[in-house]
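Containing TSV, C-alpha atoms and all ligand atoms: work_22.tsv.
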chain	number	residue	atom	x	y	z
A	1	MET	CA	55.48	-43.57	-9.16
A	2	SER	CA	52.94	-41.33	-10.90
A	3	SER	CA	50.17	-43.09	-12.75
A	4	SER	CA	48.27	-41.94	-15.82
A	5	PRO	CA	44.56	-42.59	-16.44
A	6	GLU	CA	45.60	-45.34	-18.90
A	7	ASP	CA	47.73	-46.99	-16.19
A	8	ASP	CA	44.78	-46.88	-13.80
A	9	ARG	CA	42.45	-48.37	-16.41
A	10	ARG	CA	44.93	-51.13	-17.25
A	11	ARG	CA	45.36	-51.93	-13.58
A	12	SER	CA	41.63	-52.18	-13.01
A	13	ASP	CA	41.26	-54.43	-16.11
A	14	LEU	CA	43.98	-56.70	-14.74
A	15	VAL	CA	42.35	-56.80	-11.30
A	16	THR	CA	39.06	-57.88	-12.92
A	17	ALA	CA	40.65	-60.46	-15.22
A	18	LEU	CA	42.81	-61.92	-12.47
A	19	GLY	CA	39.78	-62.22	-10.19
A	20	ALA	CA	37.84	-63.99	-12.96
A	21	VAL	CA	40.63	-66.48	-13.68
A	22	ARG	CA	41.17	-67.22	-9.99
A	23	HIS	CA	37.42	-67.79	-9.66
A	24	ARG	CA	37.43	-70.09	-12.64
A	25	ILE	CA	40.26	-72.13	-11.12
A	26	ALA	CA	38.45	-72.31	-7.76
A	27	ASP	CA	35.15	-73.32	-9.44
A	28	VAL	CA	36.63	-76.17	-11.46
A	29	CYS	CA	38.69	-77.38	-8.51
A	30	GLY	CA	35.56	-77.29	-6.34
A	31	SER	CA	33.61	-79.31	-8.89
A	32	VAL	CA	36.18	-82.14	-8.83
A	33	GLY	CA	37.09	-81.97	-5.14
A	34	ARG	CA	40.53	-80.46	-5.59
A	35	ASP	CA	42.14	-77.77	-3.44
A	36	PRO	CA	42.72	-74.67	-5.62
A	37	HIS	CA	45.69	-73.73	-3.45
A	38	GLN	CA	47.50	-76.72	-4.94
A	39	VAL	CA	47.34	-75.07	-8.35
A	40	THR	CA	50.03	-72.61	-9.45
A	41	LEU	CA	48.83	-69.89	-11.79
A	42	ILE	CA	51.59	-68.89	-14.19
A	43	VAL	CA	50.78	-65.69	-16.05
A	44	VAL	CA	52.29	-65.93	-19.53
A	45	THR	CA	53.40	-62.38	-20.26
A	46	LYS	CA	54.96	-62.87	-23.71
A	47	THR	CA	54.40	-59.85	-25.98
A	48	TYR	CA	53.18	-57.80	-22.98
A	49	PRO	CA	55.27	-55.00	-21.47
A	50	ALA	CA	57.27	-54.93	-18.24
A	51	ARG	CA	54.79	-52.54	-16.67
A	52	ASP	CA	52.08	-55.21	-16.87
A	53	VAL	CA	54.39	-57.67	-15.12
A	54	VAL	CA	55.00	-55.14	-12.33
A	55	THR	CA	51.27	-54.48	-11.96
A	56	LEU	CA	50.63	-58.23	-11.77
A	57	ALA	CA	53.34	-58.56	-9.13
A	58	GLN	CA	51.63	-55.85	-7.10
A	59	LEU	CA	48.40	-57.82	-7.40
A	60	GLY	CA	50.02	-60.88	-5.88
A	61	VAL	CA	51.17	-62.79	-8.97
A	62	ARG	CA	54.45	-64.61	-8.26
A	63	ASP	CA	54.88	-66.83	-11.32
A	64	VAL	CA	55.30	-65.45	-14.82
A	65	GLY	CA	56.02	-67.25	-18.07
A	66	GLU	CA	57.91	-66.24	-21.19
A	67	SER	CA	58.48	-68.16	-24.39
A	68	ARG	CA	61.39	-66.35	-26.07
A	69	ASP	CA	64.76	-65.85	-24.43
A	70	GLN	CA	65.60	-62.46	-25.86
A	71	GLU	CA	62.25	-60.97	-24.89
A	72	ALA	CA	62.54	-62.50	-21.42
A	73	VAL	CA	66.02	-61.08	-20.82
A	74	GLU	CA	64.99	-57.58	-21.85
A	75	LYS	CA	61.75	-57.63	-19.89
A	76	LEU	CA	63.36	-59.03	-16.77
A	77	ALA	CA	65.84	-56.14	-16.63
A	78	GLN	CA	63.01	-53.64	-17.07
A	79	VAL	CA	60.88	-55.34	-14.43
A	80	ASP	CA	63.76	-55.38	-11.94
A	81	ALA	CA	64.42	-51.70	-12.50
A	82	ARG	CA	60.75	-50.83	-12.00
A	83	LEU	CA	60.47	-52.99	-8.89
A	84	ARG	CA	63.51	-51.25	-7.41
A	85	GLY	CA	61.74	-47.93	-7.94
A	86	LEU	CA	58.73	-48.96	-5.89
A	87	SER	CA	58.43	-48.07	-2.24
A	88	GLU	CA	56.79	-51.43	-1.44
A	89	GLN	CA	58.87	-54.60	-1.14
A	90	LEU	CA	57.50	-57.47	-3.20
A	91	ALA	CA	58.53	-61.11	-3.04
A	92	PRO	CA	60.76	-62.00	-6.00
A	93	LEU	CA	59.08	-63.24	-9.17
A	94	ARG	CA	59.67	-66.75	-10.45
A	95	TRP	CA	60.28	-66.83	-14.21
A	96	HIS	CA	59.07	-69.91	-16.09
A	97	PHE	CA	60.43	-70.58	-19.55
A	98	VAL	CA	57.61	-72.16	-21.57
A	99	GLY	CA	58.83	-71.87	-25.17
A	100	ARG	CA	60.99	-73.92	-27.48
A	101	VAL	CA	64.49	-74.21	-25.95
A	102	GLN	CA	67.25	-73.73	-28.51
A	103	SER	CA	70.70	-75.12	-27.64
A	104	ARG	CA	72.41	-71.77	-28.01
A	105	LYS	CA	69.96	-70.18	-25.53
A	106	CYS	CA	70.53	-72.61	-22.66
A	107	ARG	CA	73.24	-70.55	-20.96
A	108	SER	CA	71.07	-67.48	-21.01
A	109	ILE	CA	67.89	-69.22	-19.85
A	110	ALA	CA	69.78	-70.78	-16.94
A	111	GLN	CA	70.62	-67.29	-15.63
A	112	TYR	CA	67.05	-66.29	-14.84
A	113	ALA	CA	64.62	-69.19	-15.14
A	114	SER	CA	63.33	-70.97	-12.04
A	115	ALA	CA	61.69	-73.57	-14.23
A	116	VAL	CA	61.77	-74.78	-17.83
A	117	HIS	CA	58.48	-76.33	-18.95
A	118	SER	CA	59.46	-77.29	-22.44
A	119	LEU	CA	62.36	-79.71	-22.21
A	120	ASP	CA	62.08	-82.30	-24.96
A	121	ARG	CA	65.57	-83.69	-25.56
A	122	ALA	CA	68.49	-84.91	-23.46
A	123	GLU	CA	70.98	-82.62	-25.17
A	124	ILE	CA	69.11	-79.60	-23.80
A	125	ALA	CA	69.11	-81.13	-20.31
A	126	ASP	CA	72.90	-81.55	-20.53
A	127	ARG	CA	73.41	-77.96	-21.61
A	128	LEU	CA	71.07	-76.48	-19.00
A	129	ALA	CA	72.70	-78.56	-16.26
A	130	ALA	CA	76.18	-77.43	-17.31
A	131	ALA	CA	75.10	-73.79	-17.30
A	132	ILE	CA	73.46	-74.08	-13.87
A	133	THR	CA	76.54	-75.79	-12.40
A	134	GLU	CA	78.90	-73.23	-13.91
A	135	SER	CA	76.94	-70.27	-12.57
A	136	ARG	CA	76.33	-71.96	-9.18
A	137	ARG	CA	72.60	-71.39	-9.42
A	138	PRO	CA	70.13	-73.50	-7.44
A	139	PRO	CA	68.75	-76.54	-9.28
A	140	LEU	CA	66.51	-75.68	-12.22
A	141	GLU	CA	63.02	-77.17	-12.17
A	142	VAL	CA	62.31	-79.14	-15.32
A	143	PHE	CA	59.07	-80.30	-16.91
A	144	LEU	CA	59.20	-82.74	-19.82
A	145	GLN	CA	57.12	-81.45	-22.71
A	146	ILE	CA	55.05	-84.32	-24.06
A	147	SER	CA	53.91	-84.39	-27.67
A	148	LEU	CA	50.28	-85.52	-27.47
A	149	ASP	CA	49.70	-85.78	-31.20
A	150	GLY	CA	52.80	-87.88	-31.78
A	151	ASP	CA	54.22	-85.18	-34.06
A	152	PRO	CA	57.42	-84.02	-32.35
A	153	GLY	CA	57.83	-81.42	-35.11
A	154	ARG	CA	55.58	-79.21	-32.99
A	155	GLY	CA	57.75	-79.68	-29.90
A	156	GLY	CA	57.67	-82.29	-27.20
A	157	VAL	CA	58.92	-85.80	-26.72
A	158	VAL	CA	56.63	-88.66	-27.76
A	159	ALA	CA	55.10	-90.46	-24.78
A	160	SER	CA	57.06	-93.66	-25.38
A	161	ASP	CA	60.37	-91.75	-24.99
A	162	ALA	CA	59.34	-89.75	-21.93
A	163	LEU	CA	60.70	-92.18	-19.35
A	164	ALA	CA	64.16	-92.27	-20.90
A	165	LEU	CA	64.21	-88.48	-21.03
A	166	GLY	CA	63.10	-88.35	-17.40
A	167	ASP	CA	66.00	-90.61	-16.45
A	168	ALA	CA	68.39	-88.32	-18.34
A	169	VAL	CA	67.11	-85.25	-16.47
A	170	ALA	CA	67.15	-86.99	-13.09
A	171	ALA	CA	70.81	-87.93	-13.60
A	172	HIS	CA	71.76	-84.23	-13.29
A	173	SER	CA	72.01	-82.84	-9.76
A	174	ALA	CA	71.68	-79.34	-11.27
A	175	LEU	CA	68.18	-80.18	-12.49
A	176	ARG	CA	65.08	-81.10	-10.55
A	177	LEU	CA	62.59	-83.21	-12.46
A	178	ARG	CA	59.16	-81.76	-11.61
A	179	GLY	CA	56.86	-83.58	-14.03
A	180	VAL	CA	55.26	-83.24	-17.43
A	181	MET	CA	53.90	-80.44	-19.57
A	182	ALA	CA	51.79	-80.35	-22.71
A	183	VAL	CA	49.87	-78.13	-25.05
A	184	ALA	CA	46.65	-79.73	-26.30
A	185	PRO	CA	46.90	-80.42	-30.04
A	186	ILE	CA	44.98	-77.96	-32.21
A	187	GLY	CA	41.51	-79.29	-32.92
A	188	ALA	CA	41.79	-82.13	-30.41
A	189	ASP	CA	39.35	-82.70	-27.56
A	190	PRO	CA	41.24	-81.18	-24.60
A	191	ASP	CA	39.70	-83.64	-22.12
A	192	ARG	CA	41.05	-86.53	-24.15
A	193	ALA	CA	44.46	-84.87	-24.55
A	194	PHE	CA	44.85	-84.10	-20.85
A	195	ALA	CA	43.66	-87.57	-19.86
A	196	ASP	CA	46.50	-88.94	-22.05
A	197	LEU	CA	48.92	-86.55	-20.36
A	198	HIS	CA	47.79	-87.77	-16.96
A	199	GLU	CA	48.66	-91.32	-17.99
A	200	VAL	CA	52.15	-90.24	-19.05
A	201	SER	CA	52.46	-88.48	-15.70
A	202	ASP	CA	51.49	-91.66	-13.83
A	203	ARG	CA	54.15	-93.66	-15.65
A	204	LEU	CA	56.83	-91.04	-15.03
A	205	ARG	CA	55.88	-90.85	-11.36
A	206	ALA	CA	56.17	-94.59	-10.96
A	207	ALA	CA	59.88	-94.23	-11.77
A	208	HIS	CA	60.41	-90.75	-10.27
A	209	PRO	CA	57.99	-90.24	-7.37
A	210	ALA	CA	58.88	-86.58	-6.87
A	211	ALA	CA	57.96	-85.73	-10.48
A	212	GLU	CA	54.31	-85.19	-9.61
A	213	ALA	CA	53.63	-81.88	-11.35
A	214	ILE	CA	51.47	-81.47	-14.45
A	215	SER	CA	51.80	-78.22	-16.38
A	216	ALA	CA	48.71	-78.04	-18.58
A	217	GLY	CA	45.93	-75.68	-19.47
A	218	MET	CA	45.97	-72.30	-21.16
A	219	SER	CA	43.25	-69.63	-21.48
A	220	GLY	CA	41.03	-71.80	-23.68
A	221	ASP	CA	41.35	-75.16	-21.98
A	222	LEU	CA	42.39	-74.70	-18.37
A	223	ASP	CA	39.10	-76.14	-17.11
A	224	ALA	CA	39.74	-79.46	-18.87
A	225	ALA	CA	43.35	-79.46	-17.67
A	226	LEU	CA	42.29	-78.95	-14.04
A	227	ARG	CA	39.78	-81.79	-14.30
A	228	HIS	CA	42.71	-84.00	-15.30
A	229	GLY	CA	45.05	-83.03	-12.51
A	230	ALA	CA	46.95	-79.98	-13.78
A	231	THR	CA	49.08	-78.51	-10.98
A	232	HIS	CA	50.40	-75.58	-13.06
A	233	VAL	CA	48.21	-73.64	-15.49
A	234	ARG	CA	49.81	-71.23	-17.98
A	235	VAL	CA	47.44	-68.38	-18.74
A	236	GLY	CA	48.09	-65.45	-21.07
A	237	SER	CA	45.30	-63.92	-23.11
A	238	ALA	CA	42.48	-64.52	-20.59
A	239	LEU	CA	44.36	-62.19	-18.25
A	240	LEU	CA	46.20	-59.77	-20.48
A	241	GLY	CA	43.99	-59.59	-23.56
A	242	ARG	CA	44.57	-60.70	-27.10
A	243	ARG	CA	48.19	-60.76	-28.15
A	244	ALA	CA	49.57	-59.06	-31.22
A	245	PRO	CA	50.74	-61.80	-33.64
A	246	VAL	CA	54.20	-63.04	-32.70
A	247	ILE	CA	56.75	-62.95	-35.50
A	248	GLY	CA	59.51	-65.55	-35.38
A	301	LIG	C1	51.39	-68.48	-25.01
A	301	LIG	C2	51.43	-69.70	-24.23
A	301	LIG	C3	50.51	-69.94	-23.20
A	301	LIG	C4	49.37	-69.00	-22.88
A	301	LIG	O1	48.41	-69.08	-23.88
A	301	LIG	P1	47.00	-68.31	-23.77
A	301	LIG	O2	46.15	-69.02	-24.74
A	301	LIG	O3	47.27	-66.89	-24.13
A	301	LIG	O4	46.53	-68.43	-22.38
A	301	LIG	C5	50.64	-71.12	-22.48
A	301	LIG	N1	51.61	-72.02	-22.75
A	301	LIG	C6	52.51	-71.82	-23.72
A	301	LIG	C7	53.54	-72.87	-23.97
A	301	LIG	C8	52.44	-70.67	-24.51
A	301	LIG	O5	53.34	-70.49	-25.48
Show me, as structure tokens, the structure contained in the file I just sent.
Ligand SMILES: *Cc1c(COP(=O)(O)O)cnc(C)c1O
Amino acid sequence: MSSSPEDDRRRSDLVTALGAVRHRIADVCGSVGRDPHQVTLIVVTKTYPARDVVTLAQLGVRDVGESRDQEAVEKLAQVDARLRGLSEQLAPLRWHFVGRVQSRKCRSIAQYASAVHSLDRAEIADRLAAAITESRRPPLEVFLQISLDGDPGRGGVVASDALALGDAVAAHSALRLRGVMAVAPIGADPDRAFADLHEVSDRLRAAHPAAEAISAGMSGDLDAALRHGATHVRVGSALLGRRAPVIG
């Protein structure tokens, strides 16, 4: 594929940013005695074009996150087409759905997602499981989104209902309960928020030992999340630059 000067500049910006974020993860892990290889970096590519996803894949990124189904479906097709046009063979990408899951989108999400990080009600688990079974896809990894400010209006299940939701997910053989996920409440101390999340994780794990993953930490607060045991960080703007405002 031919590359323009802008492509080259973008690639070198992404190389620099990716190196910086990987360093940051390694530094924090080192400071608390954790192995950085146990942390999965998910690059959240919402609002960014397919060509960035392909560049990231060439730089060794394997996990990408999207928060809107329609955008994900369109981008995925473009990424696949671009990857097919490359002479090099790259390992397949794993797509993580990190946004609000609407009931009518479950069938679609089940066609491409390896993991859903934002499950917050049993009805969605039922629909995702039915779609996975119907399309004979491998089990979908599921994280329970926990509402840390107790206001489920912003997404997430309140901590006191997390165990029941975990049981509902675990009852489906088409789903694989991986753990918990949260976004730190706006204005809250992230250390406090992620310490609370860790407690919810401990309680879930007591009932479901395999559900040991913690998806927490974004560009602004991934350090705090890693100090409190995050196994999956979801990073967008620190890698890709500031996003244009998302409408809808
Ligand atoms: C957008 C988004 C991210 C990434 O946020 P940045 O601040 O750009 O790193 C992470 N998690 C979720 C759920 C998101 O919607």
Q) Taking only C-alpha atoms into account, which of A:Arg234, A:Arg84, A:His228, A:His96 comes nearest Asp202 in chain A? A)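 For Asp202 in chain A, the nearest of the given residues is A:His228.
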Q: Give as an MDAnalysis selection string the set of residues within 12 Å of the point (36.4, -84.9, -24.4), where distances use the file's coordinates and only C-alpha atoms.
A: chainID A and resid 184 187:196 221 223:225 227:228
Q) Near range 142-159 of chain A, counting all atoms listed in the file, which residues have an atom at most 7 Å away, once you skip same-chain residues fewer than 4 positions from it, shown as a ChimeraX atom specification? A) /A:115-120,175-182,184-185,193,200
Q. Can you tell me how far CA of Arg121 in chain A sits from CA of Ile42 in chain A, in Å to one decimal?
A.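 CA of Arg121 in chain A sits 23.3 Å away from CA of Ile42 in chain A.
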Q: Step by step, measure atom-to-atom distances between ligand LIG 301 (chain A) and each residue using only C-alpha atoms and all ligand atoms, keep those at most 6 Å, then write them as a PyMOL selection string.
A: chain A and resi 44+67+98-99+218-220+234-238
(Q) Using all atoms listed in the file for the distances, tell me which of A:His198, A:Lys46, A:Arg243, A:Arg136 is nearest to Leu226 in chain A. (A)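 Using all atoms listed in the file, the shortest distance to Leu226 in chain A belongs to A:His198.
Every protein, DNA or RNA residue with an atom at most 7 Å from Leu165 in chain A, where only C-alpha atoms count and chain neighbours fewer than 3 positions away do not, is listed here: Arg121, Ala122, Asp161, Ala162, Ala168 and Val169 of chain A.
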Q.
Just to confirm, what's the straight-line distance from CA of Arg51 in chain A to CA of Arg10 in chain A in Å (one decimal)?
A.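 Calculated distance between CA of Arg51 in chain A and CA of Arg10 in chain A is 10.0 Å.
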**Q.** Computed interatomic separation between CA of Gly166 in chain A and CA of Leu140 in chain A (Å)
**A.** 14.1 Å
Q | Best match for closeness to Pro139 in chain A among A:Leu240, A:Leu18, A:Ala125, A:Thr231, counting all atoms listed in the file | A |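 Of all the options, A:Ala125 lies closest to Pro139 in chain A.
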Provide an axis-aligned box for all listed atoms of range 22-41 of chain A, padding each side by 4 Å; report its centre and its edge lengths in Å to one decimal, as JSON.
{"center_x": 41.8, "center_y": -74.7, "center_z": -8.0, "size_x": 24.4, "size_y": 22.9, "size_z": 17.2}
Q: For the point (51.3, -74.8, -14.5) in the file's frame, write as JSON, numbers by chain all residues with an atom no more than 7 Å away, counting only C-alpha atoms.
A: {"A": [40, 41, 42, 214, 215, 216, 230, 231, 232, 233, 234]}
Q: Can you work out which one of A:Arg34, A:Leu222, A:Pro138, A:Gln58 has the shortest atom-to-atom distance to Leu86 in chain A, counting only C-alpha atoms?
A: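 Ranking A:Arg34, A:Leu222, A:Pro138, A:Gln58 by distance to Leu86 in chain A, first place goes to A:Gln58.
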Q: Considering all atoms listed in the file, state which residue in the set A:Lys105, A:Trp95, A:Ile124, A:Val183 is at the smallest distance from Arg62 in chain A.
A: A:Trp95
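Around Leu83 in chain A, within 9 Å and counting all atoms listed in the file, the residues found are Val54, Gln89 and Leu90 of chain A, once anything fewer than 6 positions away on its own chain is removed.
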Please write the residues from the selection above to a file, keeping C-alpha atoms, as a PDB file, in the frame of the given file.
ATOM      1  CA  VAL A  54      55.000 -55.140 -12.330  1.00  0.00           C
ATOM      2  CA  GLN A  89      58.870 -54.600  -1.140  1.00  0.00           C
ATOM      3  CA  LEU A  90      57.500 -57.470  -3.200  1.00  0.00           C
TER       4      LEU A  90
END
**Q.** Of the listed residues A:Gly19, A:Pro92, A:Gly33, A:Pro5, that which approaches Val53 in chain A most closely, counting all atoms listed in the file
**A.** A:Pro92
Q | Contacts of Ala110 in chain A at 7 Å (all atoms listed in the file; same-chain gap of 3+ positions) as a list in words | A |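 My list of contacting residues is Cys106, Arg107, Ala113, Leu128, Ala131 and Ile132 of chain A.
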Only N, CA and C atoms needed: put range 168-192 of chain A from the block into a file as a compact mmCIF listing (two decimals), in the first residue's frame.
# COMPACT_ATOMS: atom_id res chain seq x y z
N ALA A 168 -26.81 -14.76 36.88
CA ALA A 168 -27.62 -14.82 35.65
C ALA A 168 -26.72 -15.03 34.43
N VAL A 169 -25.58 -14.36 34.41
CA VAL A 169 -24.64 -14.52 33.29
C VAL A 169 -24.07 -15.94 33.30
N ALA A 170 -23.64 -16.38 34.48
CA ALA A 170 -22.98 -17.69 34.59
C ALA A 170 -23.91 -18.84 34.22
N ALA A 171 -25.22 -18.60 34.27
CA ALA A 171 -26.18 -19.66 33.93
C ALA A 171 -26.21 -19.93 32.42
N HIS A 172 -25.62 -19.05 31.63
CA HIS A 172 -25.62 -19.22 30.16
C HIS A 172 -24.31 -19.84 29.70
N SER A 173 -24.38 -21.00 29.02
CA SER A 173 -23.14 -21.59 28.53
C SER A 173 -22.58 -20.79 27.35
N ALA A 174 -23.37 -19.93 26.75
CA ALA A 174 -22.89 -19.12 25.62
C ALA A 174 -22.13 -17.88 26.10
N LEU A 175 -22.14 -17.66 27.41
CA LEU A 175 -21.42 -16.50 27.96
C LEU A 175 -20.34 -16.98 28.90
N ARG A 176 -19.28 -16.20 29.00
CA ARG A 176 -18.22 -16.54 29.94
C ARG A 176 -18.00 -15.34 30.85
N LEU A 177 -18.38 -15.48 32.10
CA LEU A 177 -18.27 -14.38 33.05
C LEU A 177 -16.80 -14.11 33.36
N ARG A 178 -16.30 -12.95 32.93
CA ARG A 178 -14.87 -12.63 33.13
C ARG A 178 -14.61 -11.82 34.38
N GLY A 179 -15.56 -10.93 34.76
CA GLY A 179 -15.30 -10.09 35.92
C GLY A 179 -16.13 -8.83 35.90
N VAL A 180 -15.53 -7.75 36.40
CA VAL A 180 -16.26 -6.50 36.54
C VAL A 180 -15.60 -5.39 35.72
N MET A 181 -16.38 -4.36 35.48
CA MET A 181 -15.89 -3.19 34.75
C MET A 181 -16.50 -1.95 35.39
N ALA A 182 -15.78 -0.84 35.35
CA ALA A 182 -16.38 0.41 35.79
C ALA A 182 -15.67 1.60 35.16
N VAL A 183 -16.42 2.68 35.15
CA VAL A 183 -15.90 3.99 34.78
C VAL A 183 -15.95 4.81 36.08
N ALA A 184 -14.84 5.44 36.44
CA ALA A 184 -14.86 6.23 37.68
C ALA A 184 -15.85 7.38 37.53
N PRO A 185 -16.68 7.62 38.56
CA PRO A 185 -17.64 8.71 38.48
C PRO A 185 -16.93 10.05 38.27
N ILE A 186 -17.56 10.92 37.49
CA ILE A 186 -16.98 12.24 37.23
C ILE A 186 -16.79 12.98 38.56
N GLY A 187 -15.60 13.52 38.75
CA GLY A 187 -15.34 14.30 39.95
C GLY A 187 -14.94 13.47 41.16
N ALA A 188 -15.07 12.15 41.05
CA ALA A 188 -14.72 11.30 42.20
C ALA A 188 -13.21 11.06 42.25
N ASP A 189 -12.70 10.72 43.41
CA ASP A 189 -11.30 10.32 43.54
C ASP A 189 -11.16 8.92 42.91
N PRO A 190 -10.39 8.80 41.82
CA PRO A 190 -10.32 7.50 41.15
C PRO A 190 -9.76 6.39 42.05
N ASP A 191 -8.84 6.71 42.96
CA ASP A 191 -8.31 5.67 43.84
C ASP A 191 -9.42 5.08 44.70
N ARG A 192 -10.27 5.95 45.21
CA ARG A 192 -11.39 5.52 46.03
C ARG A 192 -12.36 4.66 45.19
